Each structure stands twice: as structure tokens, then as C-alpha cells.
$ cat model37.txt   # compact mmCIF, C-alpha atoms (C1' of nucleotides)
# COMPACT_ATOMS: atom_id res chain seq x y z
CA MET G 1450 -30.97 -1.60 9.17
CA ARG G 1451 -27.41 -2.56 8.33
CA ILE G 1452 -25.34 0.12 6.61
CA ALA G 1453 -21.76 -0.47 5.49
CA THR G 1454 -18.82 1.34 3.90
CA PHE G 1455 -16.22 -0.38 1.73
CA ASN G 1456 -13.26 1.15 -0.10
CA ILE G 1457 -13.04 -1.47 -2.84
CA ASN G 1458 -9.99 -0.06 -4.71
CA GLY G 1459 -11.26 -0.56 -8.24
CA ILE G 1460 -14.79 -1.81 -8.91
CA ARG G 1461 -13.90 -3.91 -11.96
CA ALA G 1462 -10.92 -5.58 -10.29
CA ARG G 1463 -13.05 -6.25 -7.20
CA ILE G 1464 -16.47 -7.19 -8.55
CA GLY G 1465 -16.14 -10.82 -7.45
CA ALA G 1466 -15.04 -9.88 -3.96
CA LEU G 1467 -17.82 -7.28 -3.71
CA LEU G 1468 -20.55 -9.72 -4.79
CA GLN G 1469 -19.33 -12.36 -2.34
CA TRP G 1470 -19.30 -9.86 0.53
CA LEU G 1471 -22.74 -8.42 -0.39
CA ASP G 1472 -24.18 -11.93 -0.54
CA GLU G 1473 -22.81 -12.85 2.92
CA SER G 1474 -23.09 -9.58 4.80
CA ARG G 1475 -26.33 -8.47 3.11
CA PRO G 1476 -26.14 -4.80 4.04
CA ASP G 1477 -29.32 -2.81 3.38
CA VAL G 1478 -27.16 0.07 2.21
CA ALA G 1479 -23.48 0.17 1.20
CA VAL G 1480 -21.32 3.15 0.27
CA LEU G 1481 -18.29 2.39 -1.89
CA GLN G 1482 -15.11 4.37 -2.46
CA GLU G 1483 -12.32 4.28 -5.04
CA ILE G 1484 -14.51 2.71 -7.70
CA LYS G 1485 -11.89 4.11 -10.17
CA SER G 1486 -14.49 4.02 -12.92
CA VAL G 1487 -16.66 6.31 -14.97
CA ASP G 1488 -20.40 5.83 -14.45
CA ASP G 1489 -20.90 4.10 -17.81
CA ALA G 1490 -18.30 1.41 -17.03
CA PHE G 1491 -19.70 0.56 -13.58
CA PRO G 1492 -20.82 -3.12 -13.46
CA ARG G 1493 -24.42 -2.36 -12.56
CA ASP G 1494 -26.15 -5.54 -13.70
CA GLU G 1495 -24.29 -7.97 -11.45
CA ILE G 1496 -24.91 -5.83 -8.39
CA ALA G 1497 -28.53 -5.16 -9.34
CA SER G 1498 -29.08 -8.93 -9.64
CA LEU G 1499 -28.48 -9.17 -5.88
CA GLY G 1500 -31.35 -6.76 -5.35
CA TYR G 1501 -29.57 -3.42 -5.09
CA ASN G 1502 -30.45 -0.03 -6.47
CA ILE G 1503 -27.28 1.77 -7.58
CA GLU G 1504 -26.22 5.40 -7.75
CA THR G 1505 -22.69 6.31 -8.80
CA HIS G 1506 -20.50 9.39 -8.89
CA GLY G 1507 -17.62 8.15 -11.01
CA GLN G 1508 -14.39 9.51 -12.41
CA LYS G 1509 -11.82 8.13 -14.85
CA SER G 1510 -8.97 6.17 -13.21
CA PHE G 1511 -9.12 7.71 -9.75
CA ASN G 1512 -11.49 8.28 -6.85
CA GLY G 1513 -15.19 7.69 -7.50
CA VAL G 1514 -17.94 6.83 -5.02
CA ALA G 1515 -21.21 4.90 -5.18
CA ILE G 1516 -24.17 4.00 -3.02
CA LEU G 1517 -26.07 0.70 -3.15
CA SER G 1518 -29.40 0.10 -1.44
CA ARG G 1519 -32.08 -2.58 -1.23
CA LEU G 1520 -34.56 0.23 -0.55
CA PRO G 1521 -35.17 3.08 -3.01
CA LEU G 1522 -32.54 5.84 -3.10
CA GLU G 1523 -34.14 9.27 -3.05
CA ASP G 1524 -32.89 12.85 -3.39
CA VAL G 1525 -29.46 11.76 -4.60
CA THR G 1526 -26.83 14.50 -4.74
CA ARG G 1527 -23.26 14.29 -6.03
CA GLY G 1528 -20.22 16.31 -5.01
CA LEU G 1529 -19.29 18.10 -1.80
CA PRO G 1530 -20.65 21.67 -1.81
CA GLY G 1531 -18.35 24.65 -1.52
CA ASP G 1532 -16.14 24.53 -4.63
CA ASP G 1533 -17.71 24.30 -8.08
CA GLY G 1534 -14.22 23.89 -9.58
CA ASP G 1535 -13.50 20.67 -7.70
CA GLU G 1536 -13.34 17.90 -10.34
CA GLN G 1537 -12.68 15.00 -7.93
CA ALA G 1538 -15.55 12.55 -7.31
CA ARG G 1539 -15.46 12.04 -3.55
CA TRP G 1540 -18.97 12.64 -2.14
CA ILE G 1541 -22.50 11.30 -2.67
CA GLU G 1542 -25.68 11.58 -0.59
CA ALA G 1543 -29.04 9.83 -0.67
CA THR G 1544 -32.11 9.36 1.48
CA VAL G 1545 -33.37 5.90 2.45
CA THR G 1546 -36.62 5.18 4.24
CA GLY G 1547 -37.28 2.01 6.19
CA ARG G 1548 -39.11 2.35 9.48
CA ARG G 1549 -37.22 5.66 9.76
CA THR G 1550 -35.88 8.08 7.16
CA LEU G 1551 -32.08 8.32 7.05
CA ARG G 1552 -29.79 10.68 5.13
CA ILE G 1553 -26.68 8.74 4.16
CA CYS G 1554 -23.44 10.33 2.92
CA GLY G 1555 -20.64 8.35 1.28
CA LEU G 1556 -17.25 10.03 1.22
CA TYR G 1557 -13.67 9.51 0.06
CA LEU G 1558 -11.60 12.11 1.86
CA PRO G 1559 -8.35 13.20 0.14
CA ASN G 1560 -5.21 11.33 1.24
CA GLY G 1561 -3.16 14.53 1.45
CA ASN G 1562 0.35 13.13 1.05
CA PRO G 1563 2.96 14.38 0.72
CA ALA G 1564 2.60 16.91 3.53
CA PRO G 1565 3.29 19.75 3.40
CA GLY G 1566 2.35 20.50 -0.20
CA PRO G 1567 -0.57 21.19 -2.53
CA LYS G 1568 -2.20 17.81 -1.87
CA PHE G 1569 -2.19 18.45 1.86
CA ASP G 1570 -3.62 21.93 1.26
CA TYR G 1571 -6.42 20.31 -0.81
CA LYS G 1572 -7.12 17.84 2.01
CA LEU G 1573 -7.48 20.61 4.60
CA ALA G 1574 -9.61 22.75 2.26
CA TRP G 1575 -11.85 19.74 1.54
CA MET G 1576 -12.21 19.12 5.26
CA ALA G 1577 -13.26 22.72 5.80
CA ARG G 1578 -16.01 22.21 3.20
CA LEU G 1579 -16.94 18.91 4.88
CA ARG G 1580 -17.24 20.67 8.21
CA ALA G 1581 -19.71 23.16 6.70
CA ARG G 1582 -21.78 20.39 5.09
CA ALA G 1583 -21.73 18.38 8.34
CA GLU G 1584 -22.98 21.39 10.27
CA ALA G 1585 -25.87 21.90 7.84
CA LEU G 1586 -26.79 18.21 8.07
CA ARG G 1587 -26.58 18.14 11.85
CA ALA G 1588 -28.78 21.22 12.06
CA THR G 1589 -31.61 19.28 10.39
CA GLU G 1590 -31.91 17.29 13.64
CA GLU G 1591 -32.66 14.21 11.54
CA PRO G 1592 -30.78 10.88 11.59
CA VAL G 1593 -27.75 11.41 9.33
CA LEU G 1594 -24.78 9.11 8.68
CA MET G 1595 -21.46 10.05 7.08
CA GLY G 1596 -19.44 6.97 6.18
CA GLY G 1597 -16.42 6.21 4.08
CA ASP G 1598 -12.66 6.32 3.77
CA TRP G 1599 -11.83 9.34 5.91
CA ASN G 1600 -8.06 8.98 5.44
CA ILE G 1601 -7.70 10.02 9.09
CA ILE G 1602 -6.11 8.01 11.91
CA PRO G 1603 -8.01 9.72 14.75
CA GLN G 1604 -5.69 8.74 17.60
CA ASP G 1605 -2.45 6.79 18.12
CA GLU G 1606 -4.51 3.84 19.37
CA ASP G 1607 -5.92 3.55 15.84
CA ALA G 1608 -2.54 2.44 14.43
CA ALA G 1609 -0.42 -0.63 15.12
CA ARG G 1610 2.74 1.49 14.73
CA PRO G 1611 1.76 5.12 15.37
CA GLU G 1612 5.37 6.26 15.14
CA ALA G 1613 5.43 5.21 11.46
CA TRP G 1614 2.55 7.62 10.72
CA ALA G 1615 3.70 10.61 12.79
CA ASN G 1616 4.61 12.71 9.73
CA ASP G 1617 1.91 11.32 7.45
CA ALA G 1618 -1.08 13.37 6.26
CA LEU G 1619 -3.37 10.70 7.77
CA ALA G 1620 -2.15 11.45 11.30
CA LEU G 1621 -0.63 14.95 11.35
CA PRO G 1622 -1.99 17.22 14.09
CA GLN G 1623 -3.71 19.49 11.53
CA SER G 1624 -5.54 16.51 10.03
CA ARG G 1625 -6.60 15.17 13.41
CA ALA G 1626 -7.72 18.61 14.55
CA ALA G 1627 -9.85 19.04 11.43
CA PHE G 1628 -11.46 15.63 12.08
CA ARG G 1629 -12.13 16.53 15.72
CA ARG G 1630 -13.69 19.83 14.64
CA VAL G 1631 -16.29 17.84 12.69
CA LEU G 1632 -16.73 15.25 15.43
CA HIS G 1633 -17.09 17.81 18.20
CA SER G 1634 -19.77 19.75 16.35
CA GLY G 1635 -22.16 16.96 17.34
CA TRP G 1636 -21.16 13.68 15.65
CA HIS G 1637 -20.34 10.23 17.03
CA ASP G 1638 -17.68 7.75 15.85
CA ALA G 1639 -19.94 4.67 15.71
CA VAL G 1640 -17.27 1.97 16.02
CA ARG G 1641 -15.83 3.73 19.07
CA LEU G 1642 -19.27 3.87 20.72
CA ILE G 1643 -19.37 0.07 20.52
CA ASP G 1644 -15.73 -1.05 20.75
CA ARG G 1645 -13.14 0.84 22.82
CA ARG G 1646 -10.36 -1.72 22.41
CA PRO G 1647 -7.13 -0.78 20.62
CA GLY G 1648 -6.04 -2.88 17.65
CA VAL G 1649 -9.23 -2.32 15.63
CA TYR G 1650 -8.14 -1.58 12.06
CA SER G 1651 -9.79 -1.14 8.65
CA TYR G 1652 -6.77 -0.86 6.32
CA TRP G 1653 -3.55 -2.80 5.81
CA ASP G 1654 -1.05 -1.67 3.15
CA TYR G 1655 -0.34 -4.11 0.31
CA GLN G 1656 3.37 -3.52 0.91
CA ARG G 1657 5.73 -4.98 3.48
CA ALA G 1658 3.32 -7.80 4.34
CA ALA G 1659 1.32 -5.40 6.47
CA TRP G 1660 -1.63 -7.79 6.75
CA ASP G 1661 0.53 -10.74 7.81
CA ARG G 1662 2.08 -8.60 10.54
CA ASN G 1663 -1.28 -6.98 11.45
CA ASP G 1664 0.34 -3.61 10.77
CA GLY G 1665 -2.99 -1.84 10.29
CA ILE G 1666 -4.69 1.51 10.77
CA ARG G 1667 -8.31 2.55 11.35
CA ILE G 1668 -9.24 5.13 8.70
CA ASP G 1669 -12.72 4.02 7.55
CA HIS G 1670 -15.35 5.49 9.81
CA TRP G 1671 -19.04 6.09 10.34
CA LEU G 1672 -19.93 9.42 11.95
CA LEU G 1673 -23.52 9.58 13.23
CA SER G 1674 -25.64 12.60 14.03
CA PRO G 1675 -27.16 12.54 17.54
CA GLN G 1676 -30.49 11.33 16.10
CA ALA G 1677 -28.73 8.51 14.22
CA ALA G 1678 -26.56 7.61 17.21
CA ASP G 1679 -29.73 7.18 19.27
CA LEU G 1680 -30.74 4.39 16.86
CA LEU G 1681 -27.37 2.59 16.94
CA THR G 1682 -27.49 -1.01 18.15
CA ASP G 1683 -24.16 -2.40 16.90
CA ALA G 1684 -21.10 -1.64 14.79
CA GLY G 1685 -18.14 -3.61 13.55
CA ILE G 1686 -15.44 -4.29 10.99
CA ASP G 1687 -15.42 -7.27 8.58
CA ARG G 1688 -11.73 -7.96 9.17
CA ASP G 1689 -11.68 -11.41 7.58
CA VAL G 1690 -12.35 -9.94 4.12
CA ARG G 1691 -8.69 -8.80 4.02
CA ALA G 1692 -7.44 -12.42 4.12
CA ARG G 1693 -9.20 -13.44 0.87
CA GLU G 1694 -7.85 -13.78 -2.67
CA LYS G 1695 -7.14 -10.48 -4.43
CA PRO G 1696 -8.52 -8.33 -1.59
CA SER G 1697 -8.91 -4.58 -1.36
CA ASP G 1698 -6.45 -2.99 1.04
CA HIS G 1699 -9.51 -1.82 3.05
CA VAL G 1700 -12.25 -3.92 4.68
CA PRO G 1701 -15.95 -3.11 5.23
CA VAL G 1702 -17.06 -1.16 8.31
CA TRP G 1703 -20.73 -1.42 9.23
CA VAL G 1704 -23.34 -0.05 11.61
CA GLU G 1705 -26.66 -1.54 12.67
CA LEU G 1706 -29.48 0.92 13.34
CA ASP G 1707 -32.94 0.34 14.79
CA ALA G 1708 -34.48 2.02 11.77
C1' DA I 1470 17.05 6.64 2.75
C1' DT I 1471 14.93 3.31 0.05
C1' DG I 1472 11.62 0.18 -1.65
C1' DG I 1473 8.19 -2.69 -1.07
C1' DT I 1474 2.43 -3.71 -3.86
C1' DA I 1475 -1.78 -2.74 -6.43
C1' DG I 1476 -5.26 -0.54 -10.02
C1' DC I 1477 -5.87 1.91 -14.04
C1' DG I 1478 -4.56 2.02 -18.65
C1' DG I 1479 -1.39 1.40 -21.56
C1' DT I 1480 2.81 5.77 -18.94
C1' DG I 1481 3.28 7.30 -14.82
C1' DC I 1482 0.17 8.66 -11.14
C1' DT I 1483 -2.09 7.75 -6.92
C1' DA I 1484 -2.24 5.53 -2.75
$ encode --input "model37.txt" --output "C-alpha cells"
Amino acid sequence: MRIATFNINGIRARIGALLQWLDESRPDVAVLQEIKSVDDAFPRDEIASLGYNIETHGQKSFNGVAILSRLPLEDVTRGLPGDDGDEQARWIEATVTGRRTLRICGLYLPNGNPAPGPKFDYKLAWMARLRARAEALRATEEPVLMGGDWNIIPQDEDAARPEAWANDALALPQSRAAFRRVLHSGWHDAVRLIDRRPGVYSYWDYQRAAWDRNDGIRIDHWLLSPQAADLLTDAGIDRDVRAREKPSDHVPVWVELDA
DNA sequence: ATGGTAGCGGTGCTA
């Protein structure tokens, strides 16, 4: 089973690019971030016509996540537990059953800039809630996948110019430590299980010709529970998508599971 | 230190 994540940066601005990528890459499941749309305005019909079931957790103007699947989506939940007052749409979960049953989480982790400040505080608080949810999911001892835009550069090797990100919320020691706390509680960074080379990026800023200079960072990740990691056969990044007309600033990151 | 680009929504915020 092929499972992908794609921060599309606006579903209505990107519907053509999304349909083209879905048609070529044909993921069984895809989690989307930054749909920047309320549920009612999500372009369901065009995506459904390619054979996908659709569940959204939208929000006006900002954030918003969705999950697409060729197989039925069951037990869908919306929102990261731990703060009923959190209005931001950044988390969705669903269960998909092929030859195996998988719990799949799609997430859009807060950016956190500028740091320090209230946005950075929100990022760290959100990551504490994520850690609790990850621990509960891992404790099920079932195959679980958490994929999305993590807004974390895990190590300097995940940036073309690490010095440019040293004081950024995506790379600050507190952010990296919070990410490691999740990872080290029993999760596996799927792309890094497959590809240890530096220079593997998933995001290039629209500004300063970052793509043309390959000034990228790796911030879109799949974290796999031990039972999911045991099923992993391949992982990769659809880098070429960034070179197309009117691209997102992120590209898809996918995993292949024997499931 | 600044400004560079993009989406949403119709101004300034977010990234």
C-alpha cells in the first residue's frame, strides 16, 4: 500500500496540480495539509472522480487537513486531543484496511515563528499534546502512521543552509528536542530508514529562488510505529513536483507498506 | 537589516 503526504498550500489554487499528481502517483491513501478551505468549499467531486473517498477537517483561510483513500475510511476523528479550546484544524485520523489494518494520522504542526513568542509557545504546547497522542497510539501495538507537515528540520543535514535556520522555530533546539521525544518513544522516520543521504528535501521557499538554488529543507515526514515500520518496503519524495507550473512550496512524501 | 513570493479574500495575516 502506498501512503503519501502533501502540503498543497490551498486546495482550490492547487486542484489541477493535485489531480495530476494523484493520477500519476496513484497513492492508496493521501493526507493533505493547508487546504485553507472550509469543508463545504472543498472540491470533492473532482477528487472523488479519481476513485477517492474524502474526509476533511477544514478551517476558513488557514490550516485545514484532509485524508483521501481508495479504500473505505473508518473511525474518522478530527482534532488533536488535549485542548478543547484549540480552534486550529491541524489533525485528522482514520483507519484503512487492506491486507492489514492501519491507523493513519494526518497532521499540520504549527510553524511557531517568531520564536520566542506566543506562536512558539503554541507550537511547543501542541507538540506536548502530540507526544501524548503518539504514546497512546504506540501503546496499541498496531501499525500506525503519522504523516504530514511537521514544521521540524530534525537535523542540520536536513537543510541546504542550516545556518540560515539556526534561530528559526523549525530548527531551534527546543523544537528538535520535542520531535526527538516523540521519535524516541518508539517511532521511526520512514524516509531516513530508506535514504541516509543528505540533500533530501521536501520544501523550498517561494522566495529568493530557493528551488532554483536547491535551497531546501526536509520538514514533511512519516513517523511509523514499530508494527508499521516492520511493513515498510520503500519511501521517497516526489521532488519533481516542485518544478511544475504553479506548484506548492512542498512536495509529496510517500511510504510503501506490505499491507 | 531588509525584502523577496504565494494563498486567501478582499485587508493584512500566515508562512
$ interface_residues --input "model37.txt" --of "chain I" --to "chain G" --cutoff "12 Å" --atoms "only C-alpha atoms (C1' of nucleotides)" --output "PyMOL selection string"
chain I and resi 1472-1478+1482-1484
$ residues_near_point --input "model37.txt" --point "(-31.3, 7.1, 0.8)" --cutoff "7 Å" --atoms "only C-alpha atoms (C1' of nucleotides)" --output "number ranges by chain"
G: 1521-1523, 1543-1546, 1551-1553
$ residues_around --input "model37.txt" --residues "region 1645-1649 of chain G" --least-positions-apart "4" --cutoff "7 Å" --atoms "all atoms listed in the file" --output "MDAnalysis selection string"
chainID G and resid 1606:1607 1609 1641 1667
$ atom_distance --input "model37.txt" --atom1 "CA of Gln1676 (chain G)" --atom2 "CA of Asp1707 (chain G)"
11.3 Å
$ atom_distance --input "model37.txt" --atom1 "CA of Trp1540 (chain G)" --atom2 "CA of Asp1664 (chain G)"
28.3 Å
$ residues_around --input "model37.txt" --residues "Glu1590 (chain G)" --least-positions-apart "3" --cutoff "8 Å" --atoms "all atoms listed in the file" --output "number ranges by chain"
G: 1586-1587, 1674-1676
$ residues_near_point --input "model37.txt" --point "(-27.2, 8.4, 10.7)" --cutoff "6 Å" --atoms "all atoms listed in the file" --output "PyMOL selection string"
chain G and resi 1592-1594+1673-1674+1677
$ write_last_selection --input "model37.txt" --atoms "C-alpha atoms" --output "PDB file, in the frame of the given file"
ATOM      1  CA  PRO G1592     -30.780  10.880  11.590  1.00  0.00           C
ATOM      2  CA  VAL G1593     -27.750  11.410   9.330  1.00  0.00           C
ATOM      3  CA  LEU G1594     -24.780   9.110   8.680  1.00  0.00           C
ATOM      4  CA  LEU G1673     -23.520   9.580  13.230  1.00  0.00           C
ATOM      5  CA  SER G1674     -25.640  12.600  14.030  1.00  0.00           C
ATOM      6  CA  ALA G1677     -28.730   8.510  14.220  1.00  0.00           C
TER       7      ALA G1677
END
$ residues_around --input "model37.txt" --residues "region 1524-1535 of chain G" --least-positions-apart "2" --cutoff "8 Å" --atoms "all atoms listed in the file" --output "NGL selection string"
:G and (1504 or 1506 or 1522 or 1537-1544 or 1578-1579 or 1582)
$ closest_residue --input "model37.txt" --among "G:Ile1643, G:Ile1516, G:Ile1496, G:Ile1452" --to "Gly1465 (chain G)" --atoms "all atoms listed in the file"
G:Ile1496
$ atom_distance --input "model37.txt" --atom1 "CA of Phe1491 (chain G)" --atom2 "CA of Leu1471 (chain G)"
16.2 Å
$ closest_residue --input "model37.txt" --among "G:Ala1585, G:Arg1548, G:Ala1608, G:Phe1628" --to "Met1450 (chain G)" --atoms "all atoms listed in the file"
G:Arg1548
$ residues_around --input "model37.txt" --residues "Asp1488 (chain G)" --least-positions-apart "5" --cutoff "10 Å" --atoms "all atoms listed in the file" --output "ChimeraX atom specification"
/G:1493,1504-1509,1513-1515
$ decode --input "model37.txt" --residues "region 1619-1653 of chain G" --atoms "C-alpha atoms" --output "compact mmCIF listing (two decimals), in the first residue's frame"
# COMPACT_ATOMS: atom_id res chain seq x y z
CA LEU G 1619 11.66 24.88 12.66
CA ALA G 1620 15.18 24.12 13.90
CA LEU G 1621 15.57 25.57 17.41
CA PRO G 1622 16.88 23.09 20.00
CA GLN G 1623 13.54 23.07 21.86
CA SER G 1624 11.70 22.14 18.66
CA ARG G 1625 14.17 19.41 17.76
CA ALA G 1626 14.11 18.04 21.30
CA ALA G 1627 10.30 17.87 21.26
CA PHE G 1628 10.45 15.98 17.93
CA ARG G 1629 13.06 13.57 19.29
CA ARG G 1630 10.91 12.96 22.38
CA VAL G 1631 8.16 11.66 20.09
CA LEU G 1632 10.57 9.73 17.87
CA HIS G 1633 12.39 8.11 20.78
CA SER G 1634 9.18 6.89 22.39
CA GLY G 1635 9.13 4.20 19.69
CA TRP G 1636 8.65 5.76 16.25
CA HIS G 1637 10.68 5.57 13.03
CA ASP G 1638 11.38 8.33 10.48
CA ALA G 1639 10.48 6.32 7.35
CA VAL G 1640 12.48 8.30 4.79
CA ARG G 1641 15.57 8.03 6.97
CA LEU G 1642 15.15 4.25 7.25
CA ILE G 1643 15.42 4.08 3.45
CA ASP G 1644 17.65 7.00 2.46
CA ARG G 1645 20.51 8.23 4.68
CA ARG G 1646 21.93 10.69 2.16
CA PRO G 1647 21.99 14.42 2.92
CA GLY G 1648 20.32 16.79 0.47
CA VAL G 1649 16.89 15.14 0.67
CA TYR G 1650 14.35 17.97 0.96
CA SER G 1651 10.55 18.36 0.89
CA TYR G 1652 10.13 22.16 0.93
CA TRP G 1653 11.62 25.07 -0.99
